[in-house]
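Chemist: Pasting in a structure now, in structure tokens, and then I'll have a few things to ask.
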Amino acid sequence: MSESQIIQKLTDDLKPRKFGTMGKLWVGVLIILSLTGLYSYLIQLRDGLEITALNNYVSWGIYISNFVFFVAVSLVGSLISAILRLSNAKWSIPLSRIAEIIAVSNIIMAGLIIIVDMGRPERFYYLFTYGRIQSPIVWDVIVVTTYLIISLILLFLPMLPDMAILQKRKGEFPEWQRKLYKFFSFGWIGNKQQYAIMSRTIFQLSILIIPVALAIHTVTSWLFATTLRGGWNSTNFGPYFVAGAFMVGAAAVIAVMYAARRQYQLQEYITDDIFDKMGKLLVMLSLVYLYFNINEYLTPAFKQMVGEHALLKDLFVGQFAPMFWGTQIFGMLIPIILMSFPWGRKPRLLFIISIVIIVGAWFKRYLIVIPTLFHPYLPVIEQNGVPTSIVYHPTFHEWSITMGSLAAALLIMTILFRYLPFISIWEMAEYKGVSEDHIQKASGPHPV
Amino acid sequence: MKKDNQPIVENAASRRNFLKFSIASGALAMLSQIGELPAQENGDGSGEKVRLLNSEGKLVEVDKSAIKPLTENELNTIVSENRKRARKGIEGRKWVMVIDLARCKHALNCQEACNKHHHIPGDRQWLNVYKMQNAENTAPYWMPKTCFHCDNPPCVSVCPVDATFKRDDGIVLIDNERCIGCRFCMAGCPYSTRVFNWGEPENQDAVKDQPYDPEKSLPRKKGTVEKCDFCPDMLRMGHLPHCITACPNGVFFFGDRNEDTVTNGSETYKFSKLMEDKAGYRYLEDLGTEPNVYYLPPVDRLVPFDKSDNLPPVGGHDHNHKH
Ligand code: SF4
């Protein structure tokens with residue numbers, strides 16, 4: 001195959017394509033879930049947080065644990081597109097845009113869900129007009145917006161040549177879509193200078209996004225670790241959160257790439273070998289997370305200090321025990337064991353394992369946020385002489401908003417997948433040995 | 001402006017001349033500006049009199065026609081002045097509370113008075129009396145708890161928008177017009193002090209038309225946080241907070257650290273001497289929050305711990321071993 005034929009074929013294979021029935025069904029379900037969540041949120045806007053099961057003890061609930069989940073998943077953008085890119089792991093080229101799409105959609109939802117949790121969402125802008133720098137929430141606002149911006153640039157900047165390539169394909173897309181590509185190619189003409197600027201910027205941003213990514217999840221962990229409460233009062237929280245985030249993020253990439261590969265028949269690009277490599281990476285990340293979990297639970301369990309021991313009892317053998325052991329065993333131990341074997345890293349099984357890890361990770365955040373609030377220092381207030389017990393069973397609306405937000409994140413991802421070349425055409429061409437000149441020409445103003 | 005011989009009184013002369021008043025029934029509160037009050041007191045009105053509480057806390061009788069409802073603009077000015085004043089604190093003061101655990105017999109009059117004066121809806125008490133037992137073999141006792149108005153308040157450090165703040169007089173207050181309802185302060189407070197207006201607050205008919213004043217924490221606002229405020233509105237008028245005066249057993253003492261005096265209304269002590277003589281302490285001192293509420297240990301109790309009300313022991317929970 002000549003070099004221009006390779007580019008031809010890549011473009012044919014990787015250009016955005018219409019969904020089949022399954023894809024449409026999927027979008028339909030996501031829209032329904034998102035709309036249900038929106039409906040519940042409208043009710044919450046009218047009636048206030050009263051419609052949740054939150055109370056003066058459990059004052060943060062699944063909105064917050066869901067927020068932590070979104071932030072965690074979004075971290076993968078930096079893992080794949082920065083760390084792997086910088087370490088020159090060429091096999092990960094087909095994954096970098098997938099990872100950025102996951103990052104962008106999840107960080108957007110993280111920002112939205114935190115507004116959902118606010119008692120006075122209409123005062124959201126006070127964070128900017130009256131923000132006080134000593135509050136970890138303000139740090140979070142700063143780093144999350146920074147991360148969103150860098151992630152958006154890291155998604156769109158390397159896409160310029162692809163946009164330029166696609167906008168030349170008259171008749172293959174509806175006209176508005178082609179115009180969109182033209183717009184997002186931002187006048188790309190594919191000369192040497194542009195390529196040089198682009199690669200330099202990508203390189204710089206890839207470095208820059210690493211501390212910012214570590215910061216978003218570390219700061220998110222500090223929302224808890226800066227308080228005096230048992231279970232949150234931990235110096236281990238930053239790395240513990242980051243490790244957990246890398247693990248769930250890698251699982252998310254695997255799940256998404258499996259779905260995309262099936263939908264678009266991309267076995268040739270998202271190869272079994274990539275699954276194998278991602279599986280190995282996931283084992284390593286899970287082991288790191290296991291290590292931090294042991295750190296997080298073993299030392300306080302050994303000491304049994306007041307303020308920790310009742311909480312740990314609640315987690316190990318009490319009301320949260322099924323969820324706790326469920327997430328530890330199914331969400332971590334069993335996946336580690338399975339993925340240690342080559343057959344455990346075959347696409348289908350790895351996909352299932354990844355889904356289990358993601359679900360486990362969601363509940364893991366529940367366990368980080370909520371049980372602590374069941375154990376205040378002071379006794380629970382007595383009502384008519386009987387100590388009231390602390391309860392928190394999320395209501396229908398809470399679940400519906402939470403599910404809606406998860407669906408919305410998936411919907412954003414799906415839309416981006418539908419309309420963007422989610423595997424980088426020009427980088428794949430480069431990977432397949434097409435010379436720079438040819439790539440430049442392909443994305444240049446002249447017809448190929 | 002401050003008179004030296006006033007123990008807990010702040011001179012109110014510098015404040016705007018507006019009155020909060022309630023119609024004799026007390027059911028409805030409205031607002032009025034009565035600049036020309038003297039003239040109208042002298043007669044040419046409708047003759048119908050209403051009784052008002054003026055800004056100095058005195059009950060005065062004025063003619064009903066003297067009361068004009070405030071315009072939107074005037075109301076906003078008052079609210080913004082209230083909010084500004086609430087941040088400053090009462091000059092030269094450093095409020096302190098002492099709670100004598102030996103005297104508490106769980107009468108709950110404090111809570112009742114607090115609930116009444118702050119129009120607290122439902123079960124969202126600002127003041128609670130906890131049944132405490134430090135260890136299995138030690139005696140149980142009652143522990144009333146307000147907000148501790150810490151000198152190193154974790155709730156203030158975490159607030160992203162300066163909605164809760166520490167004033168010069170030591171009070172930790174909330175501006176409900178600023179609060180965004182993130183509830184970080186609730187997570188931050190280790191004493192479970194803060195409560196939240198999850199929905200539209202109930203039972204607020206009597207206060208909902210007042211101009212908002214953070215020093216009254218009224219009218220309460222949906223979606224914002226609230227807590228015990230040490231009644232700065234009472235302090236400004238030279239009165240003690242409601243819980244102090246309501247307690248029949250003289251459990252609560254209140255005063256000014258700068259004057260080194262605390263009083264429960266009938267007895268007055270030198271604060272430092274009281275601490276020394278009775279071995280005062282602060283709850284969970286090791287958290288480093290520096291509370292301004294001190295406890296006197298429950299020794300030599302005036303009343304034995306009331307076993308007659310048959311409360312189930314607090315056993316089995318982590319707070320068994322707290323002190
Ligand atoms: S709930 Fe209100 S007072 Fe508390 S931290 Fe948030 S904004 Fe500040």
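Labels used: A, B, ... for chains in the order of the structure tokens, numbers from 1 for residues in each chain, and numbers from 1 for ligands as shown.
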Residues contacting ligand 1 - anything with an atom at most 6 Å away, using only C-alpha atoms and all ligand atoms - can you give me those as a PDB file with N, CA and C atoms, in the first residue's frame?

Modeler:
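The resulting part_13.pdb:
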```
ATOM      1  N   VAL B 158     -13.083  26.243  56.459  1.00  0.00           N
ATOM      2  CA  VAL B 158     -13.449  25.534  55.235  1.00  0.00           C
ATOM      3  C   VAL B 158     -14.457  26.274  54.375  1.00  0.00           C
ATOM      4  N   CYS B 159     -15.140  27.269  54.924  1.00  0.00           N
ATOM      5  CA  CYS B 159     -16.201  27.925  54.149  1.00  0.00           C
ATOM      6  C   CYS B 159     -15.617  28.623  52.921  1.00  0.00           C
ATOM      7  N   PRO B 160     -16.122  28.278  51.736  1.00  0.00           N
ATOM      8  CA  PRO B 160     -15.521  28.816  50.512  1.00  0.00           C
ATOM      9  C   PRO B 160     -15.894  30.256  50.218  1.00  0.00           C
ATOM     10  N   VAL B 161     -16.965  30.763  50.835  1.00  0.00           N
ATOM     11  CA  VAL B 161     -17.437  32.084  50.415  1.00  0.00           C
ATOM     12  C   VAL B 161     -17.537  33.078  51.563  1.00  0.00           C
ATOM     13  N   ALA B 163     -19.151  32.880  54.228  1.00  0.00           N
ATOM     14  CA  ALA B 163     -20.511  33.008  54.726  1.00  0.00           C
ATOM     15  C   ALA B 163     -20.547  32.803  56.232  1.00  0.00           C
ATOM     16  N   THR B 164     -19.610  32.061  56.744  1.00  0.00           N
ATOM     17  CA  THR B 164     -19.519  31.921  58.187  1.00  0.00           C
ATOM     18  C   THR B 164     -18.174  32.504  58.587  1.00  0.00           C
ATOM     19  N   CYS B 179     -24.445  32.320  52.286  1.00  0.00           N
ATOM     20  CA  CYS B 179     -24.214  30.869  52.294  1.00  0.00           C
ATOM     21  C   CYS B 179     -24.702  30.208  51.005  1.00  0.00           C
ATOM     22  N   ILE B 180     -23.858  29.373  50.418  1.00  0.00           N
ATOM     23  CA  ILE B 180     -24.243  28.679  49.192  1.00  0.00           C
ATOM     24  C   ILE B 180     -24.759  27.273  49.477  1.00  0.00           C
ATOM     25  N   GLY B 181     -24.740  26.893  50.751  1.00  0.00           N
ATOM     26  CA  GLY B 181     -25.311  25.596  51.127  1.00  0.00           C
ATOM     27  C   GLY B 181     -24.478  24.395  50.733  1.00  0.00           C
ATOM     28  N   CYS B 182     -23.137  24.555  50.790  1.00  0.00           N
ATOM     29  CA  CYS B 182     -22.289  23.423  50.403  1.00  0.00           C
ATOM     30  C   CYS B 182     -22.120  22.422  51.542  1.00  0.00           C
ATOM     31  N   ARG B 183     -22.358  22.861  52.768  1.00  0.00           N
ATOM     32  CA  ARG B 183     -22.342  22.013  53.965  1.00  0.00           C
ATOM     33  C   ARG B 183     -20.946  21.496  54.321  1.00  0.00           C
ATOM     34  N   PHE B 184     -19.939  22.152  53.793  1.00  0.00           N
ATOM     35  CA  PHE B 184     -18.583  21.781  54.166  1.00  0.00           C
ATOM     36  C   PHE B 184     -18.372  22.072  55.654  1.00  0.00           C
ATOM     37  N   CYS B 185     -18.975  23.177  56.128  1.00  0.00           N
ATOM     38  CA  CYS B 185     -18.818  23.527  57.542  1.00  0.00           C
ATOM     39  C   CYS B 185     -19.431  22.463  58.445  1.00  0.00           C
ATOM     40  N   THR B 224     -29.698  26.898  53.449  1.00  0.00           N
ATOM     41  CA  THR B 224     -28.510  27.448  54.111  1.00  0.00           C
ATOM     42  C   THR B 224     -28.368  26.834  55.499  1.00  0.00           C
ATOM     43  N   VAL B 225     -27.186  27.057  56.075  1.00  0.00           N
ATOM     44  CA  VAL B 225     -26.846  26.403  57.320  1.00  0.00           C
ATOM     45  C   VAL B 225     -27.112  27.363  58.481  1.00  0.00           C
TER      46      VAL B 225
END
```

Chemist: Kindly provide the residues of chain A that approach chain B to within 6 Å, each paired with its closest atom pair and their distance in Å to one decimal, based on only C-alpha atoms, listed by chain and increasing number, as CSV.

Modeler:
```
residue,atom,partner,partner_atom,distance
A:Asp47,CA,B:Gly199,CA,6.0
A:Gly48,CA,B:Gly199,CA,4.8
A:Leu49,CA,B:Trp198,CA,5.0
A:Glu50,CA,B:Trp198,CA,4.6
A:Asn56,CA,B:Val195,CA,5.5
A:Met118,CA,B:Cys182,CA,4.9
A:Gly119,CA,B:Gly223,CA,4.0
A:Arg120,CA,B:Ile180,CA,4.8
A:Arg123,CA,B:Ile180,CA,5.7
A:Leu127,CA,B:Val161,CA,5.9
A:Tyr130,CA,B:Val161,CA,5.1
A:Gly131,CA,B:Val161,CA,4.8
A:Arg132,CA,B:Pro160,CA,5.4
A:Ser135,CA,B:Val158,CA,4.5
A:Ile137,CA,B:Pro160,CA,5.9
A:Val138,CA,B:Pro160,CA,5.8
A:Thr227,CA,B:Gly188,CA,4.9
A:Ala310,CA,B:Asp318,CA,5.3
A:Pro379,CA,B:His319,CA,5.6
A:Gly385,CA,B:Leu311,CA,5.6
```

Chemist: For the selection you just gave me, I'd like the residues written to a file as a PDB file, in the first residue's frame, keeping N, CA and C atoms.

Modeler:
```
ATOM      1  N   ASP A  47     -38.217  22.265  45.716  1.00  0.00           N
ATOM      2  CA  ASP A  47     -38.441  21.940  47.131  1.00  0.00           C
ATOM      3  C   ASP A  47     -37.188  22.001  47.983  1.00  0.00           C
ATOM      4  N   GLY A  48     -36.059  22.059  47.360  1.00  0.00           N
ATOM      5  CA  GLY A  48     -34.829  22.058  48.143  1.00  0.00           C
ATOM      6  C   GLY A  48     -34.322  20.655  48.391  1.00  0.00           C
ATOM      7  N   LEU A  49     -33.228  20.584  49.133  1.00  0.00           N
ATOM      8  CA  LEU A  49     -32.591  19.294  49.386  1.00  0.00           C
ATOM      9  C   LEU A  49     -33.436  18.401  50.289  1.00  0.00           C
ATOM     10  N   GLU A  50     -34.560  18.926  50.723  1.00  0.00           N
ATOM     11  CA  GLU A  50     -35.524  18.167  51.499  1.00  0.00           C
ATOM     12  C   GLU A  50     -35.899  16.848  50.830  1.00  0.00           C
ATOM     13  N   ASN A  56     -29.031  16.160  59.241  1.00  0.00           N
ATOM     14  CA  ASN A  56     -27.986  16.942  59.900  1.00  0.00           C
ATOM     15  C   ASN A  56     -26.784  16.106  60.327  1.00  0.00           C
ATOM     16  N   MET A 118     -25.526  21.644  46.035  1.00  0.00           N
ATOM     17  CA  MET A 118     -25.591  22.886  46.793  1.00  0.00           C
ATOM     18  C   MET A 118     -27.004  23.243  47.215  1.00  0.00           C
ATOM     19  N   GLY A 119     -27.109  23.769  48.412  1.00  0.00           N
ATOM     20  CA  GLY A 119     -28.412  24.201  48.906  1.00  0.00           C
ATOM     21  C   GLY A 119     -28.911  25.426  48.170  1.00  0.00           C
ATOM     22  N   ARG A 120     -27.988  26.277  47.712  1.00  0.00           N
ATOM     23  CA  ARG A 120     -28.361  27.487  46.988  1.00  0.00           C
ATOM     24  C   ARG A 120     -27.611  27.539  45.662  1.00  0.00           C
ATOM     25  N   ARG A 123     -26.516  30.682  43.861  1.00  0.00           N
ATOM     26  CA  ARG A 123     -25.406  31.503  44.349  1.00  0.00           C
ATOM     27  C   ARG A 123     -24.054  30.910  43.957  1.00  0.00           C
ATOM     28  N   LEU A 127     -18.741  31.640  44.494  1.00  0.00           N
ATOM     29  CA  LEU A 127     -17.435  30.991  44.596  1.00  0.00           C
ATOM     30  C   LEU A 127     -16.371  31.828  43.897  1.00  0.00           C
ATOM     31  N   TYR A 130     -16.894  35.811  45.821  1.00  0.00           N
ATOM     32  CA  TYR A 130     -16.526  35.909  47.235  1.00  0.00           C
ATOM     33  C   TYR A 130     -15.555  34.811  47.663  1.00  0.00           C
ATOM     34  N   GLY A 131     -15.001  34.066  46.708  1.00  0.00           N
ATOM     35  CA  GLY A 131     -14.165  32.920  47.052  1.00  0.00           C
ATOM     36  C   GLY A 131     -13.050  33.277  48.022  1.00  0.00           C
ATOM     37  N   ARG A 132     -12.826  32.413  48.979  1.00  0.00           N
ATOM     38  CA  ARG A 132     -11.731  32.621  49.940  1.00  0.00           C
ATOM     39  C   ARG A 132     -10.714  31.527  49.717  1.00  0.00           C
ATOM     40  N   SER A 135     -10.134  27.980  51.609  1.00  0.00           N
ATOM     41  CA  SER A 135     -11.071  26.863  51.622  1.00  0.00           C
ATOM     42  C   SER A 135     -10.728  25.827  50.548  1.00  0.00           C
ATOM     43  N   ILE A 137     -12.521  23.937  49.017  1.00  0.00           N
ATOM     44  CA  ILE A 137     -13.495  23.955  47.913  1.00  0.00           C
ATOM     45  C   ILE A 137     -13.013  24.901  46.816  1.00  0.00           C
ATOM     46  N   VAL A 138     -12.467  26.019  47.230  1.00  0.00           N
ATOM     47  CA  VAL A 138     -11.973  26.977  46.246  1.00  0.00           C
ATOM     48  C   VAL A 138     -10.764  26.395  45.495  1.00  0.00           C
ATOM     49  N   THR A 227     -10.805  17.762  57.454  1.00  0.00           N
ATOM     50  CA  THR A 227     -11.720  17.811  58.584  1.00  0.00           C
ATOM     51  C   THR A 227     -11.171  16.948  59.720  1.00  0.00           C
ATOM     52  N   ALA A 310     -15.227   2.545  66.060  1.00  0.00           N
ATOM     53  CA  ALA A 310     -16.635   2.239  65.779  1.00  0.00           C
ATOM     54  C   ALA A 310     -16.897   2.283  64.279  1.00  0.00           C
ATOM     55  N   PRO A 379     -22.547  11.871  71.218  1.00  0.00           N
ATOM     56  CA  PRO A 379     -23.587  10.861  71.043  1.00  0.00           C
ATOM     57  C   PRO A 379     -24.695  11.390  70.136  1.00  0.00           C
ATOM     58  N   GLY A 385     -36.119  10.759  75.030  1.00  0.00           N
ATOM     59  CA  GLY A 385     -35.413   9.788  75.852  1.00  0.00           C
ATOM     60  C   GLY A 385     -34.825   8.629  75.089  1.00  0.00           C
TER      61      GLY A 385
END
```

Chemist: Leaving out Phe271 (chain B) and any residue of its chain fewer than 3 positions from it, which residues lie within 6 Å of it when counting only C-alpha atoms, given as a list in words?

Modeler: Asp260, Thr261, Val262 and Leu274 of chain B

Chemist: Considering only C-alpha atoms, can you say which of B:Asn76, B:Pro153, B:Gly255, B:Lys278 comes closest to Asp300 (chain B)?

Modeler: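 That would be B:Lys278, the residue with the smallest distance to Asp300 (chain B).
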
Chemist: Extract the full set of helix (DSSP H, G or I) residues from region 44-283 of chain B according to DSSP on the backbone, and format it as a PyMOL selection string.

Modeler: chain B and resi 64-66+72-88+109-117+154-158+184-188+232-236+242-246+271-278

Chemist: If you count only C-alpha atoms, which residues fall within 10 Å of Gly28 (chain A), apart from same-chain ones fewer than 6 positions away, as a list in words?

Modeler: Met22, Ser34 and Leu411 of chain A

Chemist: Next, the residues of the selection above should be written as a short mmCIF file (atom, residue, chain, number, x, y, z; two decimals), in the first residue's frame with N, CA and C atoms.

Modeler:
```cif
data_model
loop_
_atom_site.label_atom_id
_atom_site.label_comp_id
_atom_site.auth_asym_id
_atom_site.auth_seq_id
_atom_site.Cartn_x
_atom_site.Cartn_y
_atom_site.Cartn_z
N MET A 22 -28.39 -0.88 17.87
CA MET A 22 -27.91 -0.95 19.25
C MET A 22 -27.48 0.42 19.75
N SER A 34 -31.18 10.46 31.63
CA SER A 34 -30.77 11.84 31.89
C SER A 34 -31.98 12.73 32.14
N LEU A 411 -23.64 9.96 27.91
CA LEU A 411 -24.24 10.58 26.72
C LEU A 411 -23.25 11.55 26.06
#
```

Chemist: Quick one: everything within 6 Å of Arg301 (chain B), counting only C-alpha atoms, minus sequence neighbours fewer than 2 positions away in the same chain. Send it as a list in words.

Modeler: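 That gives Ala102, Val299 and Val303 of chain B.
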
Chemist: Taking all heavy atoms for each residue, export the selection above as a JSON list (two decimals), in the first residue's frame.

Modeler:
```json
[["chain", "number", "residue", "atom", "x", "y", "z"],
["B", 102, "ALA", "N", -22.30, 20.15, 87.05],
["B", 102, "ALA", "CA", -22.77, 19.66, 88.35],
["B", 102, "ALA", "C", -24.21, 20.08, 88.61],
["B", 102, "ALA", "O", -24.92, 19.46, 89.39],
["B", 102, "ALA", "CB", -21.87, 20.19, 89.45],
["B", 299, "VAL", "N", -18.97, 17.24, 89.30],
["B", 299, "VAL", "CA", -18.67, 16.69, 90.63],
["B", 299, "VAL", "C", -19.56, 17.34, 91.68],
["B", 299, "VAL", "O", -20.11, 18.41, 91.43],
["B", 299, "VAL", "CB", -17.19, 16.95, 90.99],
["B", 299, "VAL", "CG1", -16.28, 16.09, 90.14],
["B", 299, "VAL", "CG2", -16.84, 18.41, 90.82],
["B", 303, "VAL", "N", -27.85, 17.80, 92.12],
["B", 303, "VAL", "CA", -28.92, 16.84, 91.92],
["B", 303, "VAL", "C", -28.29, 15.55, 91.39],
["B", 303, "VAL", "O", -27.43, 15.61, 90.53],
["B", 303, "VAL", "CB", -29.94, 17.33, 90.87],
["B", 303, "VAL", "CG1", -31.02, 18.12, 91.53],
["B", 303, "VAL", "CG2", -29.25, 18.14, 89.79]]
```

Chemist: By how many Å are CA of Leu378 (chain A) and CA of Cys231 (chain B) apart?

Modeler: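 Going from CA of Leu378 (chain A) over to CA of Cys231 (chain B) covers 23.3 Å.
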
Chemist: Could you work out how far CA of Ser80 (chain B) lies from CA of Asp151 (chain B), giving the answer in Å with one decimal?

Modeler: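 For CA of Asp151 (chain B) relative to CA of Ser80 (chain B), the distance reads 26.2 Å.
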
Chemist: May I have the residues within 9 Å of Val144 (chain A) as a CSV table (one decimal) with all heavy atoms, in the first residue's frame, using only C-alpha atoms and disregarding those fewer than 3 positions away in the same chain?

Modeler:
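Wrote it out as selection_29.csv, contents follow:
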```
chain,number,residue,atom,x,y,z
A,71,VAL,N,-14.6,12.7,39.4
A,71,VAL,CA,-13.3,13.2,39.4
A,71,VAL,C,-12.3,12.1,39.2
A,71,VAL,O,-11.3,12.2,38.4
A,71,VAL,CB,-13.0,14.0,40.7
A,71,VAL,CG1,-11.5,14.5,40.7
A,71,VAL,CG2,-13.9,15.2,40.8
A,107,ILE,N,-15.3,15.2,33.9
A,107,ILE,CA,-14.9,16.4,34.6
A,107,ILE,C,-16.1,17.4,34.5
A,107,ILE,O,-16.4,18.1,35.4
A,107,ILE,CB,-13.6,17.0,34.3
A,107,ILE,CG1,-13.0,17.8,35.4
A,107,ILE,CG2,-13.6,17.7,33.0
A,107,ILE,CD1,-12.6,17.0,36.6
A,110,ALA,N,-18.6,16.2,36.9
A,110,ALA,CA,-18.2,16.5,38.3
A,110,ALA,C,-18.6,17.9,38.7
A,110,ALA,O,-19.1,18.2,39.7
A,110,ALA,CB,-16.7,16.3,38.4
A,111,GLY,N,-18.3,18.8,37.7
A,111,GLY,CA,-18.6,20.2,38.0
A,111,GLY,C,-20.1,20.5,38.2
A,111,GLY,O,-20.5,21.2,39.0
A,139,TRP,N,-9.9,25.7,46.2
A,139,TRP,CA,-8.8,25.0,45.5
A,139,TRP,C,-9.4,24.1,44.5
A,139,TRP,O,-8.9,24.0,43.4
A,139,TRP,CB,-7.9,24.2,46.5
A,139,TRP,CG,-7.5,24.9,47.7
A,139,TRP,CD1,-7.5,26.3,47.9
A,139,TRP,CD2,-6.9,24.4,48.9
A,139,TRP,NE1,-7.0,26.6,49.1
A,139,TRP,CE2,-6.6,25.4,49.8
A,139,TRP,CE3,-6.7,23.0,49.3
A,139,TRP,CZ2,-6.1,25.2,51.0
A,139,TRP,CZ3,-6.1,22.8,50.6
A,139,TRP,CH2,-5.8,23.9,51.4
A,140,ASP,N,-10.4,23.3,44.9
A,140,ASP,CA,-11.0,22.4,44.0
A,140,ASP,C,-11.6,23.1,42.7
A,140,ASP,O,-11.4,22.6,41.6
A,140,ASP,CB,-12.1,21.6,44.7
A,140,ASP,CG,-12.1,20.1,44.4
A,140,ASP,OD1,-11.0,19.7,43.8
A,140,ASP,OD2,-13.0,19.4,44.7
A,141,VAL,N,-12.3,24.2,43.0
A,141,VAL,CA,-12.8,24.9,41.8
A,141,VAL,C,-11.7,25.3,40.9
A,141,VAL,O,-11.8,25.2,39.7
A,141,VAL,CB,-13.6,26.2,42.3
A,141,VAL,CG1,-14.0,27.0,41.1
A,141,VAL,CG2,-14.8,25.7,43.1
A,147,TYR,N,-8.1,21.8,35.0
A,147,TYR,CA,-8.0,20.5,34.4
A,147,TYR,C,-9.0,20.4,33.2
A,147,TYR,O,-8.6,19.8,32.1
A,147,TYR,CB,-8.3,19.4,35.4
A,147,TYR,CG,-8.1,18.0,34.9
A,147,TYR,CD1,-6.8,17.5,34.7
A,147,TYR,CD2,-9.2,17.1,34.7
A,147,TYR,CE1,-6.6,16.2,34.3
A,147,TYR,CE2,-9.0,15.8,34.3
A,147,TYR,CZ,-7.7,15.4,34.0
A,147,TYR,OH,-7.5,14.1,33.6
A,148,LEU,N,-10.1,20.9,33.3
A,148,LEU,CA,-11.1,20.9,32.2
A,148,LEU,C,-10.6,21.6,31.0
A,148,LEU,O,-10.6,21.1,29.9
A,148,LEU,CB,-12.4,21.5,32.7
A,148,LEU,CG,-13.5,21.7,31.6
A,148,LEU,CD1,-13.9,20.3,31.0
A,148,LEU,CD2,-14.7,22.4,32.0
A,149,ILE,N,-10.0,22.7,31.2
A,149,ILE,CA,-9.4,23.5,30.1
A,149,ILE,C,-8.3,22.7,29.4
A,149,ILE,O,-8.3,22.6,28.2
A,149,ILE,CB,-9.0,24.9,30.6
A,149,ILE,CG1,-10.2,25.7,31.0
A,149,ILE,CG2,-8.2,25.6,29.5
A,149,ILE,CD1,-9.9,27.0,31.7
A,212,VAL,N,-1.5,18.8,37.4
A,212,VAL,CA,-2.9,19.3,37.6
A,212,VAL,C,-3.8,18.1,37.9
A,212,VAL,O,-4.7,18.2,38.8
A,212,VAL,CB,-3.4,20.1,36.3
A,212,VAL,CG1,-4.8,20.5,36.5
A,212,VAL,CG2,-2.5,21.3,36.1
A,213,ALA,N,-3.6,17.0,37.2
A,213,ALA,CA,-4.4,15.8,37.5
A,213,ALA,C,-4.2,15.3,38.9
A,213,ALA,O,-5.2,15.0,39.6
A,213,ALA,CB,-4.1,14.7,36.4
A,215,ALA,N,-3.4,17.0,41.3
A,215,ALA,CA,-4.0,18.0,42.1
A,215,ALA,C,-5.5,17.9,42.2
A,215,ALA,O,-6.0,18.0,43.3
A,215,ALA,CB,-3.6,19.4,41.7
A,216,ILE,N,-6.2,17.6,41.1
A,216,ILE,CA,-7.6,17.6,41.3
A,216,ILE,C,-8.0,16.5,42.2
A,216,ILE,O,-8.9,16.7,43.0
A,216,ILE,CB,-8.4,17.4,39.9
A,216,ILE,CG1,-8.0,16.2,39.1
A,216,ILE,CG2,-8.4,18.7,39.1
A,216,ILE,CD1,-9.0,15.9,38.0
```

Chemist: For Phe324 (chain A), find every residue with an atom within 10 Å (counting only C-alpha atoms), except residues of its own chain fewer than 2 positions away, and show them as a PyMOL selection string.

Modeler: chain A and resi 314-322+326-329+331+360+363-364+366-368

Chemist: Quick one: write out the picked residues with C-alpha atoms as a PDB file, in the first residue's frame?

Modeler:
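out.pdb was written with the following content:
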```pdb
ATOM      1  CA  ASP A 314     -19.226  -0.638  61.036  1.00  0.00           C
ATOM      2  CA  LEU A 315     -17.205  -1.234  57.874  1.00  0.00           C
ATOM      3  CA  PHE A 316     -15.705  -4.613  58.751  1.00  0.00           C
ATOM      4  CA  VAL A 317     -18.592  -6.348  60.460  1.00  0.00           C
ATOM      5  CA  GLY A 318     -21.397  -3.804  60.800  1.00  0.00           C
ATOM      6  CA  GLN A 319     -24.017  -2.315  58.533  1.00  0.00           C
ATOM      7  CA  PHE A 320     -21.551  -1.428  55.780  1.00  0.00           C
ATOM      8  CA  ALA A 321     -19.732  -4.778  55.823  1.00  0.00           C
ATOM      9  CA  PRO A 322     -21.447  -6.316  52.763  1.00  0.00           C
ATOM     10  CA  GLY A 326     -18.022  -6.564  48.181  1.00  0.00           C
ATOM     11  CA  THR A 327     -15.943  -3.681  46.850  1.00  0.00           C
ATOM     12  CA  GLN A 328     -12.696  -5.046  48.242  1.00  0.00           C
ATOM     13  CA  ILE A 329     -13.205  -8.604  47.011  1.00  0.00           C
ATOM     14  CA  GLY A 331     -13.841  -4.703  42.952  1.00  0.00           C
ATOM     15  CA  GLY A 360     -17.100  -1.367  42.770  1.00  0.00           C
ATOM     16  CA  PHE A 363     -19.538   2.044  45.876  1.00  0.00           C
ATOM     17  CA  LYS A 364     -16.035   2.465  47.217  1.00  0.00           C
ATOM     18  CA  TYR A 366     -19.864   5.746  48.903  1.00  0.00           C
ATOM     19  CA  LEU A 367     -17.920   3.967  51.636  1.00  0.00           C
ATOM     20  CA  ILE A 368     -15.334   6.707  51.829  1.00  0.00           C
TER      21      ILE A 368
END
```

Chemist: From the set A:Gly230, A:Pro94, A:Pro335, A:Pro376, which residue has the shortest atom-to-atom contact distance to Tyr431 (chain A), counting only C-alpha atoms?

Modeler: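 Closest residue, counting only C-alpha atoms: A:Pro94.
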
Chemist: Taking only C-alpha atoms into account, which of B:Leu59, B:Ile90, B:Val98, B:Leu127 comes nearest Cys243 (chain B)?

Modeler: B:Leu127

Chemist: Per DSSP on the backbone, filter region 207-317 of chain B down to the residues in strand (DSSP E) and report them as a list of chain:residue names.

Modeler: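 Everything in region 207-317 of chain B that counts as strand (DSSP E) is B:Val225, B:Glu226, B:Phe252, B:Phe253, B:Phe254, B:Gly255, B:Asp256, B:Thr261, B:Val262, B:Thr263, B:Thr268, B:Tyr269, B:Lys270, B:Val293, B:Tyr294, B:Tyr295, B:Leu296.
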